[in-house]
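Reproduced below: query-v1.cif, with mmCIF, C-alpha atoms and all ligand atoms.
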```cif
data_upload
#
loop_
_atom_site.group_PDB
_atom_site.id
_atom_site.type_symbol
_atom_site.label_atom_id
_atom_site.label_comp_id
_atom_site.auth_asym_id
_atom_site.auth_seq_id
_atom_site.Cartn_x
_atom_site.Cartn_y
_atom_site.Cartn_z
ATOM 1 C CA MET A 16 2.901 13.978 -25.297
ATOM 2 C CA ILE A 17 6.410 15.400 -24.949
ATOM 3 C CA PRO A 18 8.552 14.164 -22.037
ATOM 4 C CA ALA A 19 10.004 16.585 -19.512
ATOM 5 C CA ARG A 20 13.689 17.491 -20.027
ATOM 6 C CA PHE A 21 16.199 14.828 -19.069
ATOM 7 C CA VAL A 22 19.877 14.114 -19.388
ATOM 8 C CA TYR A 23 20.676 11.078 -21.520
ATOM 9 C CA ARG A 24 23.727 8.836 -21.161
ATOM 10 C CA ARG A 25 24.377 5.634 -23.046
ATOM 11 C CA ALA A 26 26.214 3.079 -20.905
ATOM 12 C CA GLY A 27 28.933 1.069 -22.656
ATOM 13 C CA THR A 28 29.054 -1.605 -19.962
ATOM 14 C CA ALA A 29 26.941 -2.858 -17.077
ATOM 15 C CA GLU A 30 29.555 -1.429 -14.675
ATOM 16 C CA GLU A 31 29.227 2.008 -16.256
ATOM 17 C CA ALA A 32 25.435 1.810 -15.972
ATOM 18 C CA LEU A 33 25.763 0.907 -12.296
ATOM 19 C CA SER A 34 28.111 3.767 -11.544
ATOM 20 C CA LEU A 35 25.778 6.256 -13.294
ATOM 21 C CA LEU A 36 22.883 4.882 -11.244
ATOM 22 C CA ALA A 37 24.933 5.167 -8.048
ATOM 23 C CA GLU A 38 25.763 8.781 -8.908
ATOM 24 C CA HIS A 39 22.221 9.889 -9.769
ATOM 25 C CA GLY A 40 20.196 7.694 -7.404
ATOM 26 C CA ASP A 41 16.461 8.331 -7.311
ATOM 27 C CA ASP A 42 16.638 10.879 -10.155
ATOM 28 C CA ALA A 43 17.834 8.271 -12.653
ATOM 29 C CA LYS A 44 16.061 5.578 -14.635
ATOM 30 C CA VAL A 45 17.412 2.760 -16.725
ATOM 31 C CA ILE A 46 16.077 2.553 -20.258
ATOM 32 C CA ALA A 47 16.343 -0.709 -22.226
ATOM 33 C CA GLY A 48 13.843 -1.050 -25.119
ATOM 34 C CA GLY A 49 11.935 2.022 -23.970
ATOM 35 C CA HIS A 50 8.561 0.523 -24.866
ATOM 36 C CA SER A 51 7.166 0.875 -21.365
ATOM 37 C CA LEU A 52 9.199 3.778 -20.016
ATOM 38 C CA LEU A 53 8.875 6.208 -22.934
ATOM 39 C CA PRO A 54 5.047 6.112 -23.038
ATOM 40 C CA LEU A 55 5.030 6.879 -19.298
ATOM 41 C CA MET A 56 7.485 9.741 -19.803
ATOM 42 C CA LYS A 57 5.406 11.165 -22.632
ATOM 43 C CA LEU A 58 2.378 11.158 -20.340
ATOM 44 C CA ARG A 59 4.610 12.620 -17.599
ATOM 45 C CA LEU A 60 3.653 9.760 -15.305
ATOM 46 C CA SER A 61 7.393 9.153 -15.020
ATOM 47 C CA VAL A 62 9.701 12.165 -14.927
ATOM 48 C CA PRO A 63 13.295 10.965 -14.547
ATOM 49 C CA GLU A 64 15.952 13.668 -14.701
ATOM 50 C CA PHE A 65 18.587 11.241 -15.925
ATOM 51 C CA LEU A 66 18.261 8.310 -18.325
ATOM 52 C CA VAL A 67 20.856 5.530 -18.395
ATOM 53 C CA ASP A 68 20.500 3.696 -21.713
ATOM 54 C CA ILE A 69 21.629 0.067 -21.450
ATOM 55 C CA GLY A 70 20.205 -0.842 -24.861
ATOM 56 C CA ARG A 71 23.637 -1.415 -26.406
ATOM 57 C CA VAL A 72 25.502 -2.921 -23.497
ATOM 58 C CA PRO A 73 27.161 -6.016 -24.922
ATOM 59 C CA ASP A 74 26.961 -9.320 -23.044
ATOM 60 C CA LEU A 75 23.515 -8.704 -21.563
ATOM 61 C CA SER A 76 21.676 -10.430 -24.414
ATOM 62 C CA TYR A 77 21.926 -14.222 -24.451
ATOM 63 C CA ILE A 78 20.020 -17.458 -23.930
ATOM 64 C CA ARG A 79 22.232 -20.182 -22.485
ATOM 65 C CA GLY A 80 21.645 -23.691 -21.221
ATOM 66 C CA GLU A 81 23.384 -24.149 -17.864
ATOM 67 C CA ASP A 82 23.503 -27.296 -15.713
ATOM 68 C CA ASP A 83 20.116 -27.069 -14.064
ATOM 69 C CA HIS A 84 18.623 -23.934 -15.576
ATOM 70 C CA ILE A 85 18.368 -21.722 -18.620
ATOM 71 C CA ALA A 86 20.074 -18.346 -18.206
ATOM 72 C CA ILE A 87 18.701 -15.369 -20.113
ATOM 73 C CA GLY A 88 20.382 -11.968 -20.265
ATOM 74 C CA ALA A 89 18.100 -9.114 -19.207
ATOM 75 C CA LEU A 90 18.506 -7.334 -22.554
ATOM 76 C CA THR A 91 17.299 -10.287 -24.592
ATOM 77 C CA ARG A 92 14.471 -9.144 -26.815
ATOM 78 C CA TYR A 93 11.146 -10.938 -27.264
ATOM 79 C CA HIS A 94 11.965 -11.575 -30.918
ATOM 80 C CA ASP A 95 15.050 -13.539 -29.887
ATOM 81 C CA LEU A 96 13.121 -15.486 -27.245
ATOM 82 C CA GLU A 97 10.394 -16.282 -29.753
ATOM 83 C CA HIS A 98 12.885 -17.619 -32.309
ATOM 84 C CA SER A 99 15.386 -19.328 -30.010
ATOM 85 C CA ASP A 100 16.148 -22.956 -30.950
ATOM 86 C CA LEU A 101 17.156 -23.648 -27.354
ATOM 87 C CA LEU A 102 13.825 -22.410 -25.989
ATOM 88 C CA ALA A 103 11.866 -24.213 -28.720
ATOM 89 C CA GLU A 104 13.547 -27.391 -27.513
ATOM 90 C CA GLU A 105 13.673 -26.880 -23.757
ATOM 91 C CA LEU A 106 11.246 -24.143 -22.758
ATOM 92 C CA PRO A 107 8.627 -23.700 -25.494
ATOM 93 C CA LEU A 108 6.300 -21.975 -23.004
ATOM 94 C CA LEU A 109 8.544 -18.894 -22.935
ATOM 95 C CA ALA A 110 9.039 -18.831 -26.710
ATOM 96 C CA ASN A 111 5.285 -19.086 -27.214
ATOM 97 C CA ALA A 112 4.393 -16.376 -24.679
ATOM 98 C CA SER A 113 7.067 -14.046 -26.124
ATOM 99 C CA GLY A 114 5.576 -14.455 -29.594
ATOM 100 C CA LYS A 115 2.243 -13.198 -28.279
ATOM 101 C CA VAL A 116 3.555 -9.927 -26.830
ATOM 102 C CA GLY A 117 2.340 -6.813 -28.674
ATOM 103 C CA ASP A 118 3.283 -6.573 -32.333
ATOM 104 C CA PRO A 119 6.549 -7.228 -34.228
ATOM 105 C CA GLN A 120 7.827 -3.711 -33.455
ATOM 106 C CA VAL A 121 7.307 -4.230 -29.724
ATOM 107 C CA ARG A 122 8.932 -7.672 -29.900
ATOM 108 C CA HIS A 123 11.986 -6.259 -31.687
ATOM 109 C CA ARG A 124 12.536 -3.542 -29.051
ATOM 110 C CA GLY A 125 11.078 -4.831 -25.775
ATOM 111 C CA THR A 126 13.358 -6.831 -23.481
ATOM 112 C CA ILE A 127 12.629 -9.557 -20.966
ATOM 113 C CA GLY A 128 14.460 -7.575 -18.288
ATOM 114 C CA GLY A 129 12.456 -4.423 -19.039
ATOM 115 C CA SER A 130 9.200 -6.324 -18.773
ATOM 116 C CA ILE A 131 10.154 -7.861 -15.425
ATOM 117 C CA ALA A 132 11.633 -4.663 -13.959
ATOM 118 C CA HIS A 133 8.582 -2.654 -15.038
ATOM 119 C CA GLY A 134 6.385 -4.832 -12.792
ATOM 120 C CA ASP A 135 3.128 -4.446 -14.725
ATOM 121 C CA SER A 136 0.657 -7.182 -13.749
ATOM 122 C CA ALA A 137 -0.723 -7.042 -17.316
ATOM 123 C CA SER A 138 2.611 -8.208 -18.772
ATOM 124 C CA ASP A 139 2.962 -11.763 -20.002
ATOM 125 C CA VAL A 140 6.535 -12.822 -19.343
ATOM 126 C CA PRO A 141 6.606 -11.992 -15.603
ATOM 127 C CA ALA A 142 3.825 -14.563 -15.057
ATOM 128 C CA VAL A 143 5.834 -17.135 -17.021
ATOM 129 C CA VAL A 144 8.861 -16.467 -14.814
ATOM 130 C CA LEU A 145 6.668 -16.778 -11.713
ATOM 131 C CA ALA A 146 5.128 -20.072 -12.869
ATOM 132 C CA LEU A 147 8.628 -21.451 -13.438
ATOM 133 C CA ASP A 148 9.894 -20.296 -10.020
ATOM 134 C CA GLY A 149 12.558 -18.316 -11.858
ATOM 135 C CA VAL A 150 15.296 -16.381 -10.104
ATOM 136 C CA LEU A 151 16.199 -12.767 -10.890
ATOM 137 C CA VAL A 152 19.871 -11.864 -10.743
ATOM 138 C CA VAL A 153 20.403 -8.247 -9.768
ATOM 139 C CA SER A 154 23.622 -6.196 -9.560
ATOM 140 C CA GLY A 155 24.022 -3.160 -7.362
ATOM 141 C CA PRO A 156 26.549 -1.185 -5.333
ATOM 142 C CA SER A 157 26.786 -3.949 -2.744
ATOM 143 C CA GLY A 158 27.275 -6.749 -5.256
ATOM 144 C CA VAL A 159 25.067 -9.360 -6.852
ATOM 145 C CA ARG A 160 21.913 -10.779 -5.303
ATOM 146 C CA GLU A 161 19.542 -13.494 -6.475
ATOM 147 C CA ILE A 162 15.855 -12.834 -5.858
ATOM 148 C CA PRO A 163 13.264 -15.625 -6.170
ATOM 149 C CA SER A 164 10.482 -14.490 -8.491
ATOM 150 C CA GLY A 165 7.954 -15.180 -5.700
ATOM 151 C CA GLU A 166 9.536 -12.309 -3.739
ATOM 152 C CA PHE A 167 10.236 -9.977 -6.648
ATOM 153 C CA PHE A 168 6.798 -8.609 -7.628
ATOM 154 C CA ARG A 169 5.551 -6.484 -4.738
ATOM 155 C CA GLY A 170 2.687 -4.331 -5.982
ATOM 156 C CA PRO A 171 1.484 -2.336 -8.972
ATOM 157 C CA PHE A 172 4.653 -1.396 -10.901
ATOM 158 C CA GLU A 173 6.638 -2.157 -7.763
ATOM 159 C CA THR A 174 9.400 -4.746 -7.539
ATOM 160 C CA ALA A 175 12.238 -5.692 -5.219
ATOM 161 C CA LEU A 176 14.696 -3.762 -7.449
ATOM 162 C CA GLU A 177 16.361 -0.744 -5.806
ATOM 163 C CA PRO A 178 16.798 2.423 -7.922
ATOM 164 C CA ASP A 179 20.567 1.874 -8.112
ATOM 165 C CA GLU A 180 20.295 -1.769 -9.176
ATOM 166 C CA LEU A 181 20.319 -3.433 -12.553
ATOM 167 C CA LEU A 182 18.525 -6.652 -13.420
ATOM 168 C CA THR A 183 21.130 -8.609 -15.357
ATOM 169 C CA GLU A 184 19.951 -12.205 -15.712
ATOM 170 C CA ILE A 185 16.846 -14.342 -15.458
ATOM 171 C CA ARG A 186 17.394 -17.973 -14.400
ATOM 172 C CA LEU A 187 14.662 -20.423 -15.262
ATOM 173 C CA PRO A 188 14.777 -24.014 -14.007
ATOM 174 C CA ARG A 189 14.439 -26.563 -16.791
ATOM 175 C CA PRO A 190 10.840 -27.787 -16.543
ATOM 176 C CA ALA A 191 10.468 -31.388 -15.355
ATOM 177 C CA SER A 192 7.182 -31.831 -17.226
ATOM 178 C CA PRO A 193 6.387 -31.439 -20.935
ATOM 179 C CA ALA A 194 2.941 -30.109 -19.968
ATOM 180 C CA TRP A 195 2.664 -26.412 -20.762
ATOM 181 C CA SER A 196 0.203 -23.893 -22.124
ATOM 182 C CA PHE A 197 -0.125 -20.131 -22.482
ATOM 183 C CA GLN A 198 -3.678 -18.905 -22.966
ATOM 184 C CA LYS A 199 -4.165 -15.195 -23.564
ATOM 185 C CA LEU A 200 -7.381 -13.367 -24.319
ATOM 186 C CA THR A 201 -7.027 -9.931 -25.910
ATOM 187 C CA SER A 202 -9.504 -7.520 -27.440
ATOM 188 C CA ARG A 203 -7.195 -7.051 -30.464
ATOM 189 C CA ALA A 204 -4.416 -9.429 -31.518
ATOM 190 C CA ILE A 205 -1.633 -6.939 -30.685
ATOM 191 C CA ASP A 206 -2.911 -5.951 -27.238
ATOM 192 C CA TRP A 207 -2.030 -6.754 -23.651
ATOM 193 C CA ALA A 208 -4.042 -9.577 -22.132
ATOM 194 C CA ILE A 209 -7.450 -8.954 -20.631
ATOM 195 C CA VAL A 210 -6.502 -12.094 -18.727
ATOM 196 C CA ALA A 211 -3.858 -14.713 -19.511
ATOM 197 C CA VAL A 212 -3.034 -18.037 -17.891
ATOM 198 C CA VAL A 213 0.317 -19.802 -17.787
ATOM 199 C CA VAL A 214 0.610 -23.507 -17.074
ATOM 200 C CA GLN A 215 3.863 -25.421 -16.696
ATOM 201 C CA GLY A 216 3.499 -28.857 -15.169
ATOM 202 C CA GLU A 217 1.293 -28.287 -12.125
ATOM 203 C CA SER A 218 2.268 -24.626 -11.770
ATOM 204 C CA VAL A 219 -0.352 -22.109 -12.783
ATOM 205 C CA ALA A 220 0.097 -18.318 -12.982
ATOM 206 C CA LEU A 221 -2.273 -15.519 -13.899
ATOM 207 C CA VAL A 222 -1.798 -12.283 -15.846
ATOM 208 C CA ASN A 223 -3.910 -9.220 -14.988
ATOM 209 C CA MET A 224 -5.821 -10.749 -12.093
ATOM 210 C CA GLY A 225 -4.430 -8.442 -9.382
ATOM 211 C CA SER A 226 -1.769 -5.861 -8.729
ATOM 212 C CA THR A 227 1.078 -8.290 -9.512
ATOM 213 C CA PRO A 228 1.448 -11.471 -11.526
ATOM 214 C CA LEU A 229 -0.096 -14.191 -9.349
ATOM 215 C CA ARG A 230 0.219 -17.913 -8.765
ATOM 216 C CA ALA A 231 -3.184 -19.630 -8.848
ATOM 217 C CA THR A 232 -2.422 -21.455 -5.616
ATOM 218 C CA ALA A 233 -5.942 -22.867 -5.126
ATOM 219 C CA VAL A 234 -5.733 -24.513 -8.550
ATOM 220 C CA GLU A 235 -2.249 -25.841 -7.828
ATOM 221 C CA ARG A 236 -3.423 -27.296 -4.500
ATOM 222 C CA ALA A 237 -6.439 -28.921 -6.136
ATOM 223 C CA LEU A 238 -4.263 -30.490 -8.831
ATOM 224 C CA ALA A 239 -1.828 -31.768 -6.218
ATOM 225 C CA ASP A 240 -4.802 -33.326 -4.380
ATOM 226 C CA GLY A 241 -5.792 -35.140 -7.567
ATOM 227 C CA ALA A 242 -8.774 -32.974 -8.597
ATOM 228 C CA ALA A 243 -10.077 -33.308 -12.137
ATOM 229 C CA ILE A 244 -9.198 -30.390 -14.455
ATOM 230 C CA PRO A 245 -12.688 -28.778 -14.466
ATOM 231 C CA ASP A 246 -12.821 -28.834 -10.661
ATOM 232 C CA ALA A 247 -9.299 -27.433 -10.298
ATOM 233 C CA ALA A 248 -9.902 -24.735 -12.944
ATOM 234 C CA ALA A 249 -13.098 -23.640 -11.187
ATOM 235 C CA GLN A 250 -10.877 -22.280 -8.395
ATOM 236 C CA ALA A 251 -8.761 -20.054 -10.629
ATOM 237 C CA ALA A 252 -10.157 -16.786 -9.278
ATOM 238 C CA GLU A 253 -9.616 -17.694 -5.605
ATOM 239 C CA GLY A 254 -7.446 -15.128 -3.853
ATOM 240 C CA THR A 255 -7.330 -12.753 -6.846
ATOM 241 C CA SER A 256 -8.360 -9.083 -6.927
ATOM 242 C CA PRO A 257 -9.009 -8.204 -10.560
ATOM 243 C CA PHE A 258 -9.820 -4.597 -11.438
ATOM 244 C CA ALA A 259 -12.128 -2.947 -13.950
ATOM 245 C CA ASP A 260 -10.991 -1.204 -17.116
ATOM 246 C CA ARG A 261 -12.541 -0.472 -20.489
ATOM 247 C CA ASN A 262 -12.071 -4.111 -21.543
ATOM 248 C CA ALA A 263 -13.582 -5.965 -18.606
ATOM 249 C CA GLY A 264 -14.924 -5.771 -15.072
ATOM 250 C CA PRO A 265 -13.761 -7.934 -12.160
ATOM 251 C CA ASP A 266 -16.546 -10.528 -12.570
ATOM 252 C CA TYR A 267 -15.780 -11.060 -16.238
ATOM 253 C CA ARG A 268 -12.058 -11.349 -15.447
ATOM 254 C CA ARG A 269 -12.819 -13.988 -12.795
ATOM 255 C CA HIS A 270 -14.908 -15.870 -15.346
ATOM 256 C CA LEU A 271 -12.102 -15.626 -17.918
ATOM 257 C CA ALA A 272 -9.552 -16.874 -15.412
ATOM 258 C CA ARG A 273 -11.607 -20.011 -14.846
ATOM 259 C CA VAL A 274 -12.288 -20.623 -18.549
ATOM 260 C CA LEU A 275 -8.689 -19.958 -19.660
ATOM 261 C CA THR A 276 -7.278 -22.069 -16.829
ATOM 262 C CA ARG A 277 -9.417 -24.993 -17.891
ATOM 263 C CA ARG A 278 -8.285 -24.564 -21.509
ATOM 264 C CA ALA A 279 -4.660 -24.230 -20.444
ATOM 265 C CA LEU A 280 -4.748 -27.324 -18.227
ATOM 266 C CA GLU A 281 -6.429 -29.346 -20.962
ATOM 267 C CA GLU A 282 -3.897 -28.229 -23.564
ATOM 268 C CA ALA A 283 -1.014 -28.929 -21.188
ATOM 269 C CA ALA A 284 -2.392 -32.410 -20.459
ATOM 270 C CA THR A 285 -2.665 -33.115 -24.184
ATOM 271 C CA ARG A 286 0.952 -32.038 -24.701
ATOM 272 C CA ALA A 287 2.073 -34.300 -21.882
ATOM 273 C CA GLY A 288 0.316 -37.169 -23.648
HETATM 274 C C1 LIG B 301 2.031 -1.098 -28.290
HETATM 275 C C2 LIG B 301 2.559 -1.949 -27.158
HETATM 276 C C3 LIG B 301 1.987 -3.202 -26.942
HETATM 277 C C4 LIG B 301 2.458 -3.998 -25.898
HETATM 278 N N1 LIG B 301 1.880 -5.224 -25.702
HETATM 279 C C5 LIG B 301 2.337 -6.011 -24.704
HETATM 280 C C6 LIG B 301 1.790 -7.303 -24.483
HETATM 281 O O1 LIG B 301 0.919 -7.776 -25.201
HETATM 282 N N2 LIG B 301 2.295 -8.030 -23.466
HETATM 283 C C7 LIG B 301 3.292 -7.569 -22.665
HETATM 284 O O2 LIG B 301 3.706 -8.284 -21.759
HETATM 285 N N3 LIG B 301 3.831 -6.361 -22.847
HETATM 286 C C8 LIG B 301 3.373 -5.572 -23.853
HETATM 287 N N4 LIG B 301 3.943 -4.354 -24.054
HETATM 288 C C9 LIG B 301 5.000 -3.884 -23.132
HETATM 289 C C10 LIG B 301 6.343 -4.264 -23.676
HETATM 290 O O3 LIG B 301 6.409 -5.639 -23.669
HETATM 291 C C11 LIG B 301 7.373 -3.613 -22.753
HETATM 292 O O4 LIG B 301 7.726 -2.403 -23.309
HETATM 293 C C12 LIG B 301 8.655 -4.281 -22.604
HETATM 294 O O5 LIG B 301 8.519 -5.580 -22.220
HETATM 295 C C13 LIG B 301 9.474 -3.572 -21.557
HETATM 296 O O6 LIG B 301 10.781 -3.764 -21.920
HETATM 297 P P1 LIG B 301 11.637 -2.530 -22.413
HETATM 298 O O7 LIG B 301 12.962 -3.110 -22.697
HETATM 299 O O8 LIG B 301 10.954 -1.776 -23.468
HETATM 300 O O9 LIG B 301 11.686 -1.692 -21.046
HETATM 301 P P2 LIG B 301 11.839 -0.114 -20.831
HETATM 302 O O10 LIG B 301 10.624 0.588 -21.305
HETATM 303 O O11 LIG B 301 13.145 0.367 -21.347
HETATM 304 O O12 LIG B 301 11.903 -0.088 -19.234
HETATM 305 C C14 LIG B 301 10.765 -0.441 -18.466
HETATM 306 C C15 LIG B 301 11.093 -0.270 -16.980
HETATM 307 O O13 LIG B 301 12.052 -1.225 -16.572
HETATM 308 C C16 LIG B 301 13.254 -0.600 -16.107
HETATM 309 N N5 LIG B 301 14.345 -1.432 -16.636
HETATM 310 C C17 LIG B 301 14.494 -1.861 -17.917
HETATM 311 N N6 LIG B 301 15.516 -2.721 -17.998
HETATM 312 C C18 LIG B 301 16.037 -2.824 -16.747
HETATM 313 C C19 LIG B 301 17.125 -3.565 -16.196
HETATM 314 N N7 LIG B 301 17.830 -4.424 -16.916
HETATM 315 N N8 LIG B 301 17.387 -3.412 -14.887
HETATM 316 C C20 LIG B 301 16.651 -2.570 -14.119
HETATM 317 N N9 LIG B 301 15.602 -1.861 -14.591
HETATM 318 C C21 LIG B 301 15.304 -1.986 -15.884
HETATM 319 C C22 LIG B 301 13.195 0.816 -16.633
HETATM 320 O O14 LIG B 301 13.885 1.701 -15.777
HETATM 321 C C23 LIG B 301 11.701 1.082 -16.632
HETATM 322 O O15 LIG B 301 11.272 1.431 -15.330
HETATM 323 C C24 LIG B 301 3.524 -3.532 -25.082
HETATM 324 C C25 LIG B 301 4.111 -2.285 -25.314
HETATM 325 C C26 LIG B 301 3.627 -1.491 -26.340
HETATM 326 C C27 LIG B 301 4.273 -0.154 -26.574
#
```

Represent the structure contained in this file as structure tokens.
Ligand SMILES: Cc1cc2nc3c(=O)[nH]c(=O)nc-3n(C[C@H](O)[C@H](O)[C@H](O)COP(=O)(O)OP(=O)(O)OC[C@H]3O[C@@H](n4cnc5c(N)ncnc54)[C@H](O)[C@@H]3O)c2cc1C
Amino acid sequence: MIPARFVYRRAGTAEEALSLLAEHGDDAKVIAGGHSLLPLMKLRLSVPEFLVDIGRVPDLSYIRGEDDHIAIGALTRYHDLEHSDLLAEELPLLANASGKVGDPQVRHRGTIGGSIAHGDSASDVPAVVLALDGVLVVSGPSGVREIPSGEFFRGPFETALEPDELLTEIRLPRPASPAWSFQKLTSRAIDWAIVAVVVQGESVALVNMGSTPLRATAVERALADGAAIPDAAAQAAEGTSPFADRNAGPDYRRHLARVLTRRALEEAATRAG
């Protein structure tokens, strides 16, 4: 449970972090809150030779209302998302989902950027970003690029981020509909989801139903065609590939996806009035 030796550098600015990443390439890893990376390092599933700590870079932690979207700095911690007045007003889905991540310790350290960059399909916030059609702003040696969330999550713990790039901002369109719900089933209150379902308007996304966060496209199509909620929710497992772990097998996960989607759609409809 002791990580392999590594060199540690704390970056004072995003530019400094980028130049350290450029220098050390594949041997380097960014560390933000450390709540996903450090456990992997302790298990030696990740063995970076060089750690670039961005945890104290100023100006990467913010939640701002822009013209047509809400901009969130990658270093913004769950605790701040959970308690943001702006999100409570304009994007309660994200505040609610953030408040259900892990325990208070995790929410005080873990960052939205770390969760997205980590690319774990069991994580909650990536599915929220996917349901909202969010955009990930990434800086690297060749400048800044904006990646639609639909293209960002590529496989288990694999994203469109290059090793010398930094995720700096998450842009979330202001939702047009007041209908939202986040339904998460866990074996213990502080755990990752066995399955979770995100609904915003007629967008539906699934946590832990495959190797990446997924859009429940069959449900979305059914809703767009005017299907009743139970009929739409019955299609929640279409196109998914859930796995087995000590909490659940694939069949139970498919069942949960259908049940939680129905609950989420019903709650969202109630909120919309
Ligand atoms: C006990 C426990 C319970 C948890 N429960 C939940 C849960 O219920 N739901 C849930 O969703 N998550 C859960 N988590 C995971 C937690 O939410 C993640 O640790 C956190 O979101 C990741 O953010 P971080 O800042 O800690 O990332 P780090 O651990 O610092 O980094 C994670 C990965 O992202 C990369 N990275 C980080 N920031 C950037 C950046 N800005 N640009 C490029 N790459 C970057 C790192 O190089 C690393 O590969 C839990 C964790 C623990 C320890």

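Distances here use only C-alpha atoms; by that measure, the residue among A:Asp206, A:Asp266, A:Ser136, A:Leu96 closest to A:Asn223 is A:Ser136.
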
Practice problem: Kindly provide, as a count of residues only, the polymer residues lying within 8 Å of (26.9, -0.2, -12.5), counting all atoms listed in the file and using the coordinates exactly as they appear in the file. | Solution: 16

Exercise. Give me the residues within 10 Å of A:Arg236 as a ChimeraX atom specification, counting all atoms listed in the file and dropping any in the same chain fewer than 5 places off.
Key: /A:217-218,231,241-242,247,250

Quiz item: Near A:Gly70, within 12 Å and counting all atoms listed in the file, which residues show up once chain neighbours fewer than 3 positions away are dropped, as number ranges by chain?
Solution: A: 24-29, 32, 45-50, 66-67, 73-76, 89-92, 123-126, 128-129

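Using only C-alpha atoms and all ligand atoms, the smallest distance between any of A:Gly158, A:Pro188, A:Gly216, A:Pro228 and ligand LIG 301 (chain B) comes from A:Pro228.
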
Practice problem: Step by step, work through what the PyMOL selection byres (((chain A and resi 166) around 10) and not hetatm) selects in the shown file, and finish by giving those residues as a PyMOL selection string. | Solution: chain A and resi 145+150-151+162-165+167-169+174-175

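The environment of A:Gly80 within 9 Å, counting all atoms listed in the file and disregarding residues fewer than 6 places along the same chain, consists of A:Ala86, A:Ile87, A:Leu101, A:Glu105, A:Arg189.
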
Quiz item: Got a sec to check which residues sit within 8 Å of (-8.1, -26.4, -15.9), counting only C-alpha atoms, and write them as a PyMOL selection string?
Solution: chain A and resi 234+244-249+273-281

Selection from above, C-alpha atoms, as a compact mmCIF listing (two decimals), in the frame of the given file, can you write it?
```txt
# COMPACT_ATOMS: atom_id res chain seq x y z
CA VAL A 234 -5.73 -24.51 -8.55
CA ILE A 244 -9.20 -30.39 -14.46
CA PRO A 245 -12.69 -28.78 -14.47
CA ASP A 246 -12.82 -28.83 -10.66
CA ALA A 247 -9.30 -27.43 -10.30
CA ALA A 248 -9.90 -24.74 -12.94
CA ALA A 249 -13.10 -23.64 -11.19
CA ARG A 273 -11.61 -20.01 -14.85
CA VAL A 274 -12.29 -20.62 -18.55
CA LEU A 275 -8.69 -19.96 -19.66
CA THR A 276 -7.28 -22.07 -16.83
CA ARG A 277 -9.42 -24.99 -17.89
CA ARG A 278 -8.28 -24.56 -21.51
CA ALA A 279 -4.66 -24.23 -20.44
CA LEU A 280 -4.75 -27.32 -18.23
CA GLU A 281 -6.43 -29.35 -20.96
```

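For the set A:Gly264, A:Gly170, A:Gly88, A:Gly225, the residue with the smallest atom-to-atom gap to ligand LIG 301 (chain B) is A:Gly88, counting only C-alpha atoms and all ligand atoms.
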
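Going from atom CA of A:Ala146 to atom CA of A:Leu102 covers 15.9 Å.
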
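Within the 7 Å cut-off around A:Val153, using only C-alpha atoms and omitting residues fewer than 6 positions from it on the same chain, the listed residues are Val159, Arg160, Glu161, Glu180, Leu181, Leu182 and Thr183 of chain A.
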